[in-house]
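Enquirer: First, the structure itself, so that you have it in front of you.
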Amino acid sequence: MKFDNLEEFDALGDEHVGSSEDTPLRNDAFELTNEEKIDIIKDDVRHIMETLGLDLTDDSLNGTPNRVAKMFVNEIFGGLDPKKKPSASTFENKYKYGEMLVEKNITVYSTCEHHLLPIVGRAHVAYISNGTVVGLSKMNRIVDYFAKRPQVQERLTIQIVKELQKVLNTKDVACVIDAKHLCVNSRGIRDIESSTVTSEFGGKFKDRATRREFLDYIKLDTEF
C-alpha cells in the first residue's frame, strides 16, 4: 500500500483500516532477545518523555521508561512472541456431544495499532465438534494470545477463528467481539458511548439458523 503524504497515513488510522489478516511483522522480528528489545525500547521511551519536556530525574518518572519497555515486550505485546502461543491440546469427543459449544464473555484487552491505545471488550466464541473438543480455558488463552499485540478488531476476530479451525480441524467456528476503542472514546471524536462489533462465521455458522442460535446464546443472562 503506497501513500504520497502523511495525511493519507493519518486517514488510514482514523478510518480504522487494517492492511492484512496476518499481523504485519518484519522478517527479522525475532532476531533480538526480549531483554535486548527492552533495552532499546527503554531508551526510546525516555527520549519521547524528554522531548515532551518531562523531568526524568523526578522519582515518579525515573523508572517509567523501563516499566513501559517491560510492559510492551512481556505483557501487552507479548502475543507477538510465537513462543507464547498456547498449546491447545484436543481430545476425542467421547460423549458424542454434537451441539454447539459457546464460550461467551471472554475478556479482551488489546491495543489499537494506529494509536497504541487500549481496546477493551468481550469475545464470544463457538464451535461445533466434528469429533474433537478442546479445553475451555484454551479458548480464552487463544483469544488472549492474539489480543496481546497491536491489532485492529477485524483482524483479531479472524485470527481467533482461523486458529480454532486449525486446532479443532473443522470450519465450524464462530467469533463475535464487542469492544470499546480508546482511540475513538478518548481522542478524535471522543465518543465514550460507542463500541465496535465484529464477527467471523465459518462452516455451519454461515447458515442463518445456526448463526441465529449462536447469537441467541450470547444474549442469555448468565449472571450468578
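A note on labels: chains of the C-alpha cells are A, B, ... as shown, every chain counts residues from 1, and ligands are counted from 1 in their shown order.
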Give the alpha helix (DSSP H) residues of segment 36-119 of chain A, as DSSP finds them on the backbone, and put them as a PyMOL selection string.

Expert: chain A and resi 36-51+59-62+64-70

Enquirer: I want to know what sits within 6 Å of Gly203 of chain A, based on only C-alpha atoms, with residues of the same chain fewer than 2 positions away left out; could you give that as a list in words?

Expert: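 These residues fall inside the cut-off: Lys171, Asp172, Phe205 and Lys206 of chain A.
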
Enquirer: Please provide the set of residues having any atom within 8 Å of segment 145-152 of chain A, restricted to only C-alpha atoms, with same-chain residues fewer than 3 positions apart removed, written as JSON, numbers by chain.

Expert: {"A": [16, 17, 18, 23, 75, 76, 77, 78, 79, 80, 84, 85, 86, 108, 109, 110, 111, 112, 113, 116, 141, 142, 155, 156, 159, 160]}

Enquirer: For each of A:Thr210, A:Thr107, A:Ser60, A:Asn34, take the minimum atom-to-atom distance to Ala179 of chain A, counting only C-alpha atoms, then give the residue where this is smallest.

Expert: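 Answer, going by the shortest atom-to-atom distance: A:Thr107.
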
Enquirer: I need the residue nearest Val134 of chain A from this list: A:Thr90, A:Thr170, A:Ser20, A:Asn105. Use only C-alpha atoms for the distance.

Expert: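 Among the listed residues, A:Thr90 lies closest to Val134 of chain A.
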
Enquirer: With distances taken over only C-alpha atoms, which of A:Thr157, A:Tyr217, A:Asp178, A:Glu163 is nearest to Glu200 of chain A?

Expert: A:Thr157

Enquirer: Between A:Leu164, A:Ala69, A:Leu52, A:Ile218, which is the closest to Leu136 of chain A once you count only C-alpha atoms?

Expert: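 Using only C-alpha atoms, Leu136 of chain A sits closest to A:Leu164.
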
Enquirer: When you look at Gly131 of chain A with a cut-off of 12 Å (counting only C-alpha atoms), what residues show up, excluding the ones that are within fewer than 3 positions of it in the same chain? I need them as a PyMOL selection string.

Expert: chain A and resi 90-99+127-128+134+168-170+172

Enquirer: From a DSSP calculation on the backbone, collect every residue of segment 1-221 of chain A in strand (DSSP E) and output the set as a VMD selection string.

Expert: chain A and resid 90 to 92 100 to 112 118 to 128 132 to 134 150 to 151 173 to 181 196 to 201

Enquirer: By how many Å are atom CA of Val167 of chain A and atom CA of Ala126 of chain A apart?

Expert: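 Calculated distance between atom CA of Val167 of chain A and atom CA of Ala126 of chain A is 13.3 Å.
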
Enquirer: Work out how far apart atom CA of Glu213 of chain A and atom CA of Lys104 of chain A are and give it in Å to one decimal.

Expert: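 Computed distance, atom CA of Glu213 of chain A to atom CA of Lys104 of chain A, equals 13.3 Å.
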
Enquirer: Which residue is closest to Asn140 of chain A? Choose from A:Val184, A:Ile119, A:Val102, A:Val73 and count only C-alpha atoms.

Expert: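 Among the listed residues, the smallest separation from Asn140 of chain A belongs to A:Val102.
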
Enquirer: To one decimal place in Å, what is the distance between atom CA of His181 of chain A and atom CA of Glu21 of chain A?

Expert: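 Interatomic distance here is 19.0 Å.
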